[in-house]
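Asks: So here's model.csv (CSV, C-alpha atoms and all ligand atoms).
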chain,number,residue,atom,x,y,z
A,1,MET,CA,86.1,140.7,63.9
A,2,ASN,CA,84.7,139.9,67.3
A,3,VAL,CA,83.0,142.7,69.3
A,4,ARG,CA,81.2,142.5,72.7
A,5,TYR,CA,79.8,145.7,74.1
A,6,PHE,CA,77.4,146.3,77.0
A,7,MET,CA,76.6,149.7,78.5
A,8,PRO,CA,73.2,149.8,80.2
A,9,THR,CA,73.7,153.2,81.8
A,10,ARG,CA,71.9,156.3,80.5
A,11,VAL,CA,74.7,158.9,80.4
A,12,PHE,CA,74.1,162.7,80.3
A,13,ILE,CA,77.1,165.0,80.2
A,14,GLY,CA,76.9,168.8,80.3
A,15,PRO,CA,76.2,171.9,82.3
A,16,GLY,CA,73.0,171.7,84.3
A,17,CYS,CA,72.5,168.0,83.5
A,18,VAL,CA,71.3,167.1,87.0
A,19,LYS,CA,68.4,169.6,86.9
A,20,ALA,CA,67.6,168.9,83.3
A,21,ASN,CA,67.3,165.1,83.8
A,22,ALA,CA,65.9,165.0,87.3
A,23,PRO,CA,62.4,164.0,86.2
A,24,ARG,CA,64.0,160.6,85.3
A,25,PHE,CA,64.5,159.9,89.0
A,26,SER,CA,60.7,159.4,89.4
A,27,SER,CA,61.0,156.2,87.3
A,28,LEU,CA,63.3,154.7,89.9
A,29,GLY,CA,60.9,155.2,92.9
A,30,SER,CA,59.6,157.6,95.5
A,31,SER,CA,62.4,157.4,98.1
A,32,ALA,CA,66.2,157.8,97.8
A,33,LEU,CA,69.2,157.3,99.9
A,34,VAL,CA,71.8,159.9,98.8
A,35,MET,CA,75.4,158.9,99.6
A,36,THR,CA,78.3,161.3,99.6
A,37,GLY,CA,81.7,161.8,101.1
A,38,ARG,CA,82.2,164.0,104.2
A,39,SER,CA,82.2,167.4,102.7
A,40,SER,CA,83.1,168.0,99.0
A,41,ALA,CA,79.5,167.3,97.6
A,42,ARG,CA,78.1,170.0,99.8
A,43,LEU,CA,80.8,172.5,98.8
A,44,ASN,CA,80.8,171.9,95.0
A,45,GLY,CA,77.1,172.3,94.5
A,46,SER,CA,76.3,168.7,93.5
A,47,ALA,CA,74.5,167.8,96.7
A,48,GLY,CA,72.4,171.0,96.6
A,49,ASP,CA,71.4,170.3,93.0
A,50,VAL,CA,70.3,166.8,93.8
A,51,ARG,CA,68.5,167.9,96.9
A,52,ALA,CA,66.6,170.6,94.9
A,53,ALA,CA,65.7,168.0,92.2
A,54,LEU,CA,64.4,165.5,94.7
A,55,GLU,CA,62.3,168.2,96.5
A,56,SER,CA,60.8,169.5,93.2
A,57,LEU,CA,59.7,165.9,92.4
A,58,GLY,CA,58.3,165.2,95.8
A,59,ILE,CA,60.7,162.2,96.3
A,60,ARG,CA,61.5,161.4,100.0
A,61,TYR,CA,65.2,161.4,100.6
A,62,ARG,CA,67.9,160.9,103.3
A,63,PHE,CA,71.5,162.0,103.0
A,64,TYR,CA,74.2,159.7,104.2
A,65,GLU,CA,77.4,161.7,104.2
A,66,GLU,CA,79.9,159.4,105.9
A,67,ILE,CA,81.8,157.7,103.0
A,68,GLU,CA,85.6,158.1,103.4
A,69,PRO,CA,88.1,157.4,100.6
A,70,ASN,CA,88.6,153.7,99.9
A,71,PRO,CA,85.3,152.5,101.4
A,72,THR,CA,85.2,149.3,103.4
A,73,ILE,CA,82.7,146.4,103.5
A,74,ALA,CA,81.6,147.7,107.0
A,75,ASP,CA,80.9,151.2,105.6
A,76,CYS,CA,78.6,149.7,103.0
A,77,ARG,CA,76.9,147.4,105.5
A,78,LYS,CA,76.1,150.4,107.7
A,79,ALA,CA,74.7,152.4,104.8
A,80,ALA,CA,72.7,149.4,103.6
A,81,GLY,CA,71.1,149.2,107.1
A,82,VAL,CA,70.1,152.9,106.7
A,83,ALA,CA,68.7,152.3,103.2
A,84,ARG,CA,66.6,149.4,104.6
A,85,GLU,CA,65.3,151.3,107.6
A,86,PHE,CA,64.5,154.3,105.4
A,87,GLU,CA,62.9,152.0,102.8
A,88,ALA,CA,64.8,153.6,100.0
A,89,ASP,CA,63.7,152.6,96.5
A,90,PHE,CA,67.0,153.7,95.0
A,91,VAL,CA,70.4,155.0,95.8
A,92,ILE,CA,72.1,158.2,94.5
A,93,GLY,CA,75.9,158.3,94.8
A,94,ILE,CA,77.6,161.7,94.6
A,95,GLY,CA,81.3,162.2,94.7
A,96,GLY,CA,84.5,160.6,93.6
A,97,GLY,CA,84.9,156.9,93.0
A,98,SER,CA,84.6,156.1,96.8
A,99,PRO,CA,81.0,157.3,97.3
A,100,LEU,CA,80.0,156.0,93.9
A,101,ASP,CA,81.4,152.5,94.7
A,102,ALA,CA,79.9,152.6,98.2
A,103,ALA,CA,76.5,153.5,96.7
A,104,LYS,CA,76.7,150.5,94.4
A,105,ALA,CA,77.6,148.0,97.2
A,106,THR,CA,75.0,149.6,99.4
A,107,ALA,CA,72.4,149.1,96.7
A,108,LEU,CA,73.4,145.4,96.5
A,109,LEU,CA,73.5,144.9,100.3
A,110,ALA,CA,70.2,146.7,100.9
A,111,ARG,CA,68.4,143.9,99.1
A,112,ASN,CA,70.8,140.9,99.8
A,113,ASP,CA,71.8,139.7,103.2
A,114,LEU,CA,75.3,138.4,102.5
A,115,VAL,CA,78.2,137.2,104.6
A,116,ASP,CA,81.5,138.9,103.8
A,117,SER,CA,82.8,136.0,101.6
A,118,ALA,CA,79.6,136.1,99.5
A,119,ILE,CA,79.9,139.9,98.7
A,120,PHE,CA,82.4,139.3,96.0
A,121,ALA,CA,80.7,136.2,94.5
A,122,ASN,CA,79.3,138.3,91.6
A,123,SER,CA,76.0,136.3,91.7
A,124,TYR,CA,73.3,137.2,94.1
A,125,PRO,CA,69.7,136.1,95.0
A,126,LYS,CA,68.0,139.5,94.5
A,127,PRO,CA,68.6,142.5,92.2
A,128,ALA,CA,70.3,145.6,93.7
A,129,LEU,CA,68.3,148.8,94.2
A,130,PRO,CA,68.6,151.1,91.1
A,131,ILE,CA,71.6,153.5,91.3
A,132,VAL,CA,72.1,157.1,90.1
A,133,ALA,CA,75.7,158.2,89.9
A,134,VAL,CA,76.9,161.9,89.9
A,135,PRO,CA,80.7,161.9,89.7
A,136,THR,CA,82.6,164.9,91.0
A,137,THR,CA,86.1,163.7,90.2
A,138,ALA,CA,87.3,163.0,86.6
A,139,GLY,CA,88.9,159.6,87.1
A,140,THR,CA,87.3,156.4,88.1
A,141,GLY,CA,84.5,156.2,85.5
A,142,SER,CA,82.6,154.3,88.2
A,143,GLU,CA,79.4,156.0,86.9
A,144,VAL,CA,79.5,153.6,83.9
A,145,THR,CA,81.0,150.4,85.3
A,146,GLN,CA,79.7,147.3,87.0
A,147,PHE,CA,82.5,147.4,89.6
A,148,SER,CA,82.5,148.4,93.2
A,149,ILE,CA,86.0,148.3,94.7
A,150,LEU,CA,86.0,147.8,98.5
A,151,THR,CA,88.8,147.7,101.1
A,152,ASN,CA,88.9,144.1,102.2
A,153,ASP,CA,90.9,143.6,105.4
A,154,SER,CA,90.6,139.8,105.2
A,155,ILE,CA,93.0,139.8,102.2
A,156,THR,CA,94.9,143.0,103.2
A,157,SER,CA,93.9,144.6,99.8
A,158,LYS,CA,91.0,145.7,97.8
A,159,SER,CA,88.4,143.4,96.3
A,160,SER,CA,86.0,144.1,93.4
A,161,ILE,CA,82.4,143.3,93.0
A,162,ALA,CA,82.0,142.9,89.2
A,163,TRP,CA,78.3,142.4,88.5
A,164,ASP,CA,76.1,143.8,85.7
A,165,GLY,CA,73.4,144.4,88.3
A,166,ILE,CA,75.2,147.4,89.8
A,167,PHE,CA,75.7,149.4,86.6
A,168,PRO,CA,74.1,152.7,87.5
A,169,SER,CA,70.8,153.3,85.7
A,170,ILE,CA,71.6,157.0,85.2
A,171,ALA,CA,74.9,158.9,85.2
A,172,LEU,CA,74.9,162.7,85.4
A,173,LEU,CA,78.2,164.4,84.6
A,174,ASP,CA,78.6,168.2,85.1
A,175,ALA,CA,82.2,169.5,85.0
A,176,ALA,CA,81.2,172.4,87.2
A,177,TYR,CA,81.3,170.0,90.2
A,178,THR,CA,85.0,169.3,89.4
A,179,GLU,CA,86.1,172.9,89.5
A,180,SER,CA,86.8,172.7,93.2
A,181,LEU,CA,89.2,169.7,92.9
A,182,PRO,CA,92.6,170.5,94.3
A,183,ARG,CA,95.4,170.1,91.7
A,184,ALA,CA,96.7,166.9,93.3
A,185,VAL,CA,93.3,165.2,93.2
A,186,THR,CA,92.8,166.4,89.6
A,187,VAL,CA,96.2,164.9,88.6
A,188,ASN,CA,95.7,161.6,90.5
A,189,THR,CA,92.2,161.0,89.2
A,190,ALA,CA,93.3,161.9,85.6
A,191,LEU,CA,96.1,159.3,86.0
A,192,ASP,CA,93.5,156.7,87.1
A,193,ALA,CA,91.5,157.4,83.9
A,194,LEU,CA,94.7,157.3,81.8
A,195,SER,CA,95.5,154.0,83.4
A,196,HIS,CA,92.0,152.6,82.6
A,197,ALA,CA,92.4,153.7,78.9
A,198,ILE,CA,96.0,152.3,78.6
A,199,GLU,CA,95.4,149.1,80.5
A,200,GLY,CA,92.1,148.6,78.7
A,201,TYR,CA,93.8,149.0,75.3
A,202,LEU,CA,96.4,146.4,76.3
A,203,ALA,CA,94.1,144.0,78.1
A,204,ASN,CA,93.5,140.5,76.8
A,205,LYS,CA,89.8,141.2,76.9
A,206,SER,CA,90.1,144.3,74.6
A,207,ASP,CA,88.3,144.4,71.3
A,208,PRO,CA,87.9,146.9,68.4
A,209,MET,CA,85.1,148.8,70.2
A,210,SER,CA,87.0,149.2,73.5
A,211,ARG,CA,90.2,150.0,71.7
A,212,THR,CA,88.6,152.8,69.8
A,213,LEU,CA,87.2,154.4,73.0
A,214,ALA,CA,90.6,153.8,74.8
A,215,LEU,CA,92.7,155.6,72.1
A,216,GLU,CA,90.3,158.6,72.1
A,217,SER,CA,90.3,158.7,75.9
A,218,MET,CA,94.1,158.5,76.3
A,219,GLY,CA,94.6,161.2,73.7
A,220,VAL,CA,92.3,163.7,75.5
A,221,ILE,CA,93.8,162.9,78.9
A,222,CYS,CA,97.4,163.4,77.8
A,223,ARG,CA,96.5,166.6,76.0
A,224,SER,CA,94.8,167.8,79.3
A,225,LEU,CA,97.8,166.7,81.5
A,226,ARG,CA,100.0,169.0,79.3
A,227,ARG,CA,97.6,171.9,80.1
A,228,LEU,CA,97.6,171.5,83.9
A,229,GLU,CA,100.5,173.9,84.4
A,230,GLY,CA,99.7,177.5,85.5
A,231,ALA,CA,97.7,178.9,88.4
A,232,SER,CA,94.2,177.8,87.4
A,233,ILE,CA,92.8,174.9,85.4
A,234,ALA,CA,90.6,176.0,82.4
A,235,ARG,CA,87.0,174.9,82.4
A,236,GLU,CA,87.5,173.3,79.0
A,237,VAL,CA,90.3,171.1,80.5
A,238,ARG,CA,87.9,170.1,83.3
A,239,GLU,CA,85.2,169.2,80.7
A,240,ASP,CA,87.7,167.2,78.6
A,241,LEU,CA,89.0,165.2,81.6
A,242,LEU,CA,85.4,164.4,82.7
A,243,PHE,CA,84.4,163.2,79.2
A,244,ALA,CA,87.7,161.2,78.8
A,245,SER,CA,87.3,159.5,82.3
A,246,ASN,CA,83.8,158.5,81.3
A,247,MET,CA,85.0,157.0,78.1
A,248,ALA,CA,87.8,155.2,80.0
A,249,GLY,CA,85.2,153.8,82.4
A,250,MET,CA,83.3,152.4,79.4
A,251,VAL,CA,86.5,150.8,78.3
A,252,ILE,CA,87.2,148.9,81.5
A,253,ALA,CA,83.5,147.9,81.8
A,254,GLN,CA,84.3,145.8,78.7
A,255,THR,CA,88.0,144.9,79.3
A,256,PHE,CA,88.5,145.0,83.1
A,257,THR,CA,91.9,146.2,84.3
A,258,THR,CA,95.3,144.5,84.3
A,259,ALA,CA,98.5,144.2,86.3
A,260,VAL,CA,98.8,147.9,87.1
A,261,HIS,CA,95.6,148.0,89.1
A,262,GLY,CA,96.4,144.7,90.7
A,263,MET,CA,99.8,146.1,91.8
A,264,GLY,CA,98.4,149.5,92.8
A,265,TYR,CA,96.1,148.2,95.4
A,266,SER,CA,99.0,147.3,97.8
A,267,LEU,CA,100.4,150.8,97.4
A,268,THR,CA,97.0,152.2,98.5
A,269,TYR,CA,96.3,149.6,101.2
A,270,PHE,CA,99.7,149.6,102.9
A,271,ARG,CA,101.2,152.9,101.9
A,272,HIS,CA,98.0,155.1,101.6
A,273,ILE,CA,99.0,156.3,98.2
A,274,ASP,CA,95.9,157.6,96.3
A,275,HIS,CA,94.5,155.0,93.8
A,276,GLY,CA,95.2,157.1,90.7
A,277,ARG,CA,98.6,158.1,91.8
A,278,ALA,CA,99.5,154.5,92.5
A,279,ASN,CA,98.6,153.5,89.0
A,280,GLY,CA,100.4,156.5,87.5
A,281,LEU,CA,103.6,155.6,89.4
A,282,LEU,CA,103.5,152.1,87.8
A,283,LEU,CA,102.5,152.9,84.3
A,284,GLY,CA,105.9,153.8,82.7
A,285,ALA,CA,107.6,150.6,83.9
A,286,TYR,CA,104.6,148.5,83.0
A,287,LEU,CA,104.6,149.9,79.4
A,288,ALA,CA,108.3,149.2,79.1
A,289,PHE,CA,107.7,145.6,80.3
A,290,ILE,CA,104.9,145.0,77.7
A,291,ALA,CA,106.8,146.8,74.9
A,292,ARG,CA,109.7,144.2,75.1
A,293,ASP,CA,107.4,141.5,73.7
A,294,PHE,CA,104.6,143.6,72.2
A,295,PRO,CA,106.1,146.8,70.7
A,296,LYS,CA,103.3,147.5,68.2
A,297,PRO,CA,100.3,148.0,70.6
A,298,VAL,CA,102.6,150.1,72.9
A,299,ALA,CA,103.6,152.2,69.9
A,300,GLU,CA,99.9,152.7,69.2
A,301,VAL,CA,99.4,153.9,72.8
A,302,LEU,CA,102.3,156.3,72.5
A,303,SER,CA,101.0,157.7,69.2
A,304,ALA,CA,97.5,158.3,70.7
A,305,CYS,CA,99.1,160.0,73.7
A,306,GLY,CA,101.1,162.3,71.4
A,307,ALA,CA,104.4,161.0,72.7
A,308,PRO,CA,107.2,160.4,70.2
A,309,SER,CA,108.7,157.7,72.5
A,310,LEU,CA,108.1,155.9,75.7
A,311,ALA,CA,110.7,158.1,77.3
A,312,ALA,CA,108.6,161.1,76.3
A,313,LEU,CA,105.5,159.7,77.9
A,314,ARG,CA,107.5,158.8,81.0
A,315,ASP,CA,108.7,162.5,81.1
A,316,LEU,CA,105.0,163.6,80.9
A,317,LEU,CA,104.1,161.3,83.8
A,318,ASP,CA,107.2,162.3,85.9
A,319,GLY,CA,106.2,166.0,85.4
A,320,VAL,CA,102.8,165.6,86.9
A,321,LEU,CA,103.8,163.0,89.6
A,322,GLY,CA,106.6,165.0,91.1
A,323,GLU,CA,108.8,163.3,93.6
A,324,ARG,CA,108.2,159.6,94.0
A,325,GLU,CA,107.8,157.8,97.2
A,326,SER,CA,110.3,155.1,98.1
A,327,ILE,CA,109.5,151.5,99.0
A,328,GLY,CA,111.7,148.9,100.5
A,329,GLU,CA,112.7,145.4,99.2
A,330,ASP,CA,110.6,143.7,101.8
A,331,GLU,CA,107.5,145.7,100.6
A,332,ILE,CA,108.3,144.9,97.0
A,333,ALA,CA,108.4,141.1,97.9
A,334,ARG,CA,105.1,141.3,99.9
A,335,PHE,CA,103.2,143.5,97.3
A,336,SER,CA,104.4,141.2,94.4
A,337,SER,CA,103.2,138.1,96.1
A,338,LEU,CA,99.8,139.7,96.7
A,339,ALA,CA,99.5,141.0,93.1
A,340,ILE,CA,100.4,137.7,91.4
A,341,LYS,CA,97.4,136.1,93.0
A,342,THR,CA,94.9,138.6,91.5
A,343,GLY,CA,92.7,138.1,88.4
A,344,HIS,CA,94.4,141.1,86.8
A,345,ILE,CA,97.4,139.0,85.9
A,346,ALA,CA,95.6,136.7,83.5
A,347,ASN,CA,94.2,139.8,81.7
A,348,THR,CA,97.6,141.3,81.1
A,349,MET,CA,98.9,140.9,77.5
A,350,LYS,CA,102.3,139.7,78.5
A,351,THR,CA,101.7,137.5,81.6
A,352,PRO,CA,104.1,138.7,84.3
A,353,THR,CA,105.8,136.4,86.8
A,354,GLU,CA,106.1,137.4,90.4
A,355,GLY,CA,109.7,138.4,89.6
A,356,ASP,CA,108.5,140.6,86.7
A,357,LEU,CA,106.1,142.3,89.1
A,358,ALA,CA,108.9,142.9,91.6
A,359,ALA,CA,111.0,144.4,88.8
A,360,ILE,CA,108.2,146.8,87.8
A,361,TYR,CA,107.8,148.0,91.4
A,362,ARG,CA,111.6,148.4,91.6
A,363,GLU,CA,111.8,150.4,88.4
A,364,SER,CA,108.8,152.5,89.4
A,365,PHE,CA,110.4,153.6,92.7
A,366,ARG,CA,114.0,153.8,91.6
B,401,LIG,P1,87.7,159.6,96.2
B,401,LIG,O1,88.3,158.6,97.2
B,401,LIG,O2,86.2,159.4,95.9
B,401,LIG,O3,87.8,161.1,96.8
B,401,LIG,C1,89.1,161.6,97.1
B,401,LIG,C2,89.0,162.9,97.8
B,401,LIG,O4,88.5,163.9,96.8
B,401,LIG,C3,88.0,163.0,98.9
B,401,LIG,O5,88.7,163.6,100.0
B,401,LIG,C4,86.9,163.8,98.4
B,401,LIG,O6,86.3,164.6,99.5
B,401,LIG,C5,87.5,164.7,97.4
B,401,LIG,N1,86.7,165.2,96.4
B,401,LIG,C6,85.8,164.5,95.6
B,401,LIG,N2,85.2,165.4,94.7
B,401,LIG,C7,85.7,166.6,95.0
B,401,LIG,C8,85.5,167.9,94.4
B,401,LIG,N3,84.7,168.0,93.3
B,401,LIG,N4,86.1,168.9,94.9
B,401,LIG,C9,87.0,168.8,96.0
B,401,LIG,N5,87.2,167.6,96.5
B,401,LIG,C10,86.6,166.5,96.0
B,401,LIG,O7,88.6,159.7,94.9
B,401,LIG,P2,88.5,158.9,93.5
B,401,LIG,O8,89.9,158.9,93.0
B,401,LIG,O9,87.5,159.5,92.6
B,401,LIG,O10,88.0,157.4,93.8
B,401,LIG,C11,88.9,156.5,94.2
B,401,LIG,C12,88.1,155.2,94.6
B,401,LIG,O11,87.5,154.7,93.4
B,401,LIG,C13,89.0,154.1,95.1
B,401,LIG,O12,88.4,153.4,96.1
B,401,LIG,C14,89.2,153.2,93.8
B,401,LIG,O13,89.5,151.9,94.2
B,401,LIG,C15,87.8,153.3,93.2
B,401,LIG,N6,87.8,153.0,91.7
B,401,LIG,C16,86.6,152.5,91.3
B,401,LIG,C17,86.5,152.2,89.9
B,401,LIG,C18,85.2,151.5,89.4
B,401,LIG,O14,85.1,151.2,88.2
B,401,LIG,N7,84.2,151.4,90.2
B,401,LIG,C19,87.6,152.4,89.0
B,401,LIG,C20,88.7,153.0,89.6
B,401,LIG,C21,88.8,153.3,90.9
B,401,LIG,P3,84.9,164.0,100.2
B,401,LIG,O15,85.3,162.8,100.9
B,401,LIG,O16,84.6,165.2,101.1
B,401,LIG,O17,83.9,163.8,99.2
B,402,FE,FE,91.1,152.7,88.8
Show how you would write the structure in this file as structure tokens.
Replies:
Amino acid sequence: MNVRYFMPTRVFIGPGCVKANAPRFSSLGSSALVMTGRSSARLNGSAGDVRAALESLGIRYRFYEEIEPNPTIADCRKAAGVAREFEADFVIGIGGGSPLDAAKATALLARNDLVDSAIFANSYPKPALPIVAVPTTAGTGSEVTQFSILTNDSITSKSSIAWDGIFPSIALLDAAYTESLPRAVTVNTALDALSHAIEGYLANKSDPMSRTLALESMGVICRSLRRLEGASIAREVREDLLFASNMAGMVIAQTFTTAVHGMGYSLTYFRHIDHGRANGLLLGAYLAFIARDFPKPVAEVLSACGAPSLAALRDLLDGVLGERESIGEDEIARFSSLAIKTGHIANTMKTPTEGDLAAIYRESFR
């Protein structure tokens, strides 16, 4: 048996975990740049809790509340300039994957003066500033990954920094912050986490440790997806989704992602489909593609998901996705030609050709 596992982030999950663990911030320095999206962190209580913690510790801080979904290289350069000017010792990211990823890239760029092409080199002269992550969506798992995914106009797609130096030092997960998530964001982010667990399970880089976490994670997410009907979403479901998305993040930190993520980036870049939804739209056809040559691992995924067949899992996905967007043949050709060039392809259990990718897109948007 060969196992490789690296998880340098201290993770705390539970009600009140920001307040309870705030004294740990002092070990990271005496000044913090706090990065959030435009408004949600102020509304869901997370920004207030972090502010109170920093004040109680006498840590200087500045809020930077300008991160939009799918952050760009330019967004992170601007924030890094603020971090340098403020002489921040560490960066706190609060929000969905977008502010968390932006906080990681900002922590890297604050210490390293890099031209655009060097940002994704995954090797840098100086260490990044330490990072604290407070997720307020239950999806990306970015609080426990070494990835920062940035919109990269030079390749009309998204590019990933994948560097151990941007694993957050501390991750604080309180499901209370996710209570305010609209149903659509709850579903889309849950589908991102499900995709991480399933892709991670089926990745060439998977191993017994990552597969164990992946099976547990996908089981909890599918159970939660079945409980999303009704007027309100129970706190227990919110807690389960946050825990499962964190496990799925730990999975992809070991395994990386596969063709689904590589294909989904075009749907987000060109069609503005949310990241998690993009993955969710592709998952069914992707599983059917893998199952043709590798039925056993796909059967293991279905069993963990509590689905008696692939058709049953696709029904569950269809139920939460609702009506699908349509895409044209010209888009399918362009998106397939971009996805085939990504590193995700070599990590996919059954290596797809460009024609296979086109067929998966076509089947996903039938
Ligand atoms: P997001 O882009 O961070 O946020 C989506 C929307 O949700 C924003 O409008 C945000 O509002 C809002 N929001 C966030 N938390 C909320 C809350 N508690 N209540 C109400 N609204 C809330 O969404 P995401 O899906 O979490 O992140 C997607 C990004 O993560 C993509 O860029 C993707 O590529 C990346 N990603 C990274 C990894 C990784 O390992 N690093 C893995 C997968 C995906 P505000 O703007 O006002 O905050
Ligand atoms: Fe993702």
Asks: Excluding segment 270-278 of chain A and its own-chain neighbours fewer than 5 positions away, which residues fall within 8 Å of it when counting only C-alpha atoms? Please give them as an mmCIF file with C-alpha atoms, in the coordinates of the input.
Replies:
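Output file selection13.cif is given in full below:
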data_model
loop_
_atom_site.group_PDB
_atom_site.id
_atom_site.type_symbol
_atom_site.label_atom_id
_atom_site.label_comp_id
_atom_site.auth_asym_id
_atom_site.auth_seq_id
_atom_site.Cartn_x
_atom_site.Cartn_y
_atom_site.Cartn_z
ATOM 1 C CA GLY A 139 88.900 159.600 87.100
ATOM 2 C CA VAL A 187 96.200 164.900 88.600
ATOM 3 C CA ASN A 188 95.700 161.600 90.500
ATOM 4 C CA THR A 189 92.200 161.000 89.200
ATOM 5 C CA ALA A 190 93.300 161.900 85.600
ATOM 6 C CA LEU A 191 96.100 159.300 86.000
ATOM 7 C CA ASP A 192 93.500 156.700 87.100
ATOM 8 C CA ALA A 193 91.500 157.400 83.900
ATOM 9 C CA SER A 195 95.500 154.000 83.400
ATOM 10 C CA GLY A 264 98.400 149.500 92.800
ATOM 11 C CA TYR A 265 96.100 148.200 95.400
ATOM 12 C CA LEU A 321 103.800 163.000 89.600
#
Asks: Neighbouring residues of Ala83 of chain A were defined as those with any atom within 9 Å, considering only C-alpha atoms; residues of the same chain fewer than 5 positions away were excluded. Please report them as a list in words.
Replies: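 Answer for this query is Ala32, Leu33, Arg62, Lys78, Ala88, Asp89, Phe90, Val91, Thr106, Ala107 and Ala110 of chain A.
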Asks: Now that the selection is made, can you save its residues with C-alpha atoms as a PDB file, in the frame of the given file?
Replies:
ATOM      1  CA  ALA A  32      66.200 157.800  97.800  1.00  0.00           C
ATOM      2  CA  LEU A  33      69.200 157.300  99.900  1.00  0.00           C
ATOM      3  CA  ARG A  62      67.900 160.900 103.300  1.00  0.00           C
ATOM      4  CA  LYS A  78      76.100 150.400 107.700  1.00  0.00           C
ATOM      5  CA  ALA A  88      64.800 153.600 100.000  1.00  0.00           C
ATOM      6  CA  ASP A  89      63.700 152.600  96.500  1.00  0.00           C
ATOM      7  CA  PHE A  90      67.000 153.700  95.000  1.00  0.00           C
ATOM      8  CA  VAL A  91      70.400 155.000  95.800  1.00  0.00           C
ATOM      9  CA  THR A 106      75.000 149.600  99.400  1.00  0.00           C
ATOM     10  CA  ALA A 107      72.400 149.100  96.700  1.00  0.00           C
ATOM     11  CA  ALA A 110      70.200 146.700 100.900  1.00  0.00           C
TER      12      ALA A 110
END
Asks: Within 10 Å of segment 166-171 of chain A, counting only C-alpha atoms, which residues qualify if same-chain residues fewer than 6 places away don't, as a JSON list (two decimals) with C-alpha atoms, in the coordinates of the input?
Replies:
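Printed below is out11.json as written:
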[["chain", "number", "residue", "atom", "x", "y", "z"],
["A", 7, "MET", "CA", 76.60, 149.70, 78.50],
["A", 8, "PRO", "CA", 73.20, 149.80, 80.20],
["A", 9, "THR", "CA", 73.70, 153.20, 81.80],
["A", 10, "ARG", "CA", 71.90, 156.30, 80.50],
["A", 11, "VAL", "CA", 74.70, 158.90, 80.40],
["A", 12, "PHE", "CA", 74.10, 162.70, 80.30],
["A", 13, "ILE", "CA", 77.10, 165.00, 80.20],
["A", 17, "CYS", "CA", 72.50, 168.00, 83.50],
["A", 18, "VAL", "CA", 71.30, 167.10, 87.00],
["A", 21, "ASN", "CA", 67.30, 165.10, 83.80],
["A", 24, "ARG", "CA", 64.00, 160.60, 85.30],
["A", 25, "PHE", "CA", 64.50, 159.90, 89.00],
["A", 28, "LEU", "CA", 63.30, 154.70, 89.90],
["A", 91, "VAL", "CA", 70.40, 155.00, 95.80],
["A", 92, "ILE", "CA", 72.10, 158.20, 94.50],
["A", 93, "GLY", "CA", 75.90, 158.30, 94.80],
["A", 100, "LEU", "CA", 80.00, 156.00, 93.90],
["A", 101, "ASP", "CA", 81.40, 152.50, 94.70],
["A", 103, "ALA", "CA", 76.50, 153.50, 96.70],
["A", 104, "LYS", "CA", 76.70, 150.50, 94.40],
["A", 105, "ALA", "CA", 77.60, 148.00, 97.20],
["A", 106, "THR", "CA", 75.00, 149.60, 99.40],
["A", 107, "ALA", "CA", 72.40, 149.10, 96.70],
["A", 108, "LEU", "CA", 73.40, 145.40, 96.50],
["A", 127, "PRO", "CA", 68.60, 142.50, 92.20],
["A", 128, "ALA", "CA", 70.30, 145.60, 93.70],
["A", 129, "LEU", "CA", 68.30, 148.80, 94.20],
["A", 130, "PRO", "CA", 68.60, 151.10, 91.10],
["A", 131, "ILE", "CA", 71.60, 153.50, 91.30],
["A", 132, "VAL", "CA", 72.10, 157.10, 90.10],
["A", 133, "ALA", "CA", 75.70, 158.20, 89.90],
["A", 134, "VAL", "CA", 76.90, 161.90, 89.90],
["A", 135, "PRO", "CA", 80.70, 161.90, 89.70],
["A", 141, "GLY", "CA", 84.50, 156.20, 85.50],
["A", 142, "SER", "CA", 82.60, 154.30, 88.20],
["A", 143, "GLU", "CA", 79.40, 156.00, 86.90],
["A", 144, "VAL", "CA", 79.50, 153.60, 83.90],
["A", 145, "THR", "CA", 81.00, 150.40, 85.30],
["A", 146, "GLN", "CA", 79.70, 147.30, 87.00],
["A", 147, "PHE", "CA", 82.50, 147.40, 89.60],
["A", 148, "SER", "CA", 82.50, 148.40, 93.20],
["A", 246, "ASN", "CA", 83.80, 158.50, 81.30],
["A", 253, "ALA", "CA", 83.50, 147.90, 81.80]]
Asks: I want to know what sits within 12 Å of Ala359 of chain A, based on only C-alpha atoms, with residues of the same chain fewer than 6 positions away left out; could you give that as a VMD selection string?
Replies: chain A and resid 263 282 285 to 286 288 to 289 329 332 to 333 335 to 336 352 to 353 365 to 366
Asks: Generate the output file for the selected residues, C-alpha atoms, as a PDB file, keeping the file's coordinate frame.
Replies:
ATOM      1  CA  MET A 263      99.800 146.100  91.800  1.00  0.00           C
ATOM      2  CA  LEU A 282     103.500 152.100  87.800  1.00  0.00           C
ATOM      3  CA  ALA A 285     107.600 150.600  83.900  1.00  0.00           C
ATOM      4  CA  TYR A 286     104.600 148.500  83.000  1.00  0.00           C
ATOM      5  CA  ALA A 288     108.300 149.200  79.100  1.00  0.00           C
ATOM      6  CA  PHE A 289     107.700 145.600  80.300  1.00  0.00           C
ATOM      7  CA  GLU A 329     112.700 145.400  99.200  1.00  0.00           C
ATOM      8  CA  ILE A 332     108.300 144.900  97.000  1.00  0.00           C
ATOM      9  CA  ALA A 333     108.400 141.100  97.900  1.00  0.00           C
ATOM     10  CA  PHE A 335     103.200 143.500  97.300  1.00  0.00           C
ATOM     11  CA  SER A 336     104.400 141.200  94.400  1.00  0.00           C
ATOM     12  CA  PRO A 352     104.100 138.700  84.300  1.00  0.00           C
ATOM     13  CA  THR A 353     105.800 136.400  86.800  1.00  0.00           C
ATOM     14  CA  PHE A 365     110.400 153.600  92.700  1.00  0.00           C
ATOM     15  CA  ARG A 366     114.000 153.800  91.600  1.00  0.00           C
TER      16      ARG A 366
END
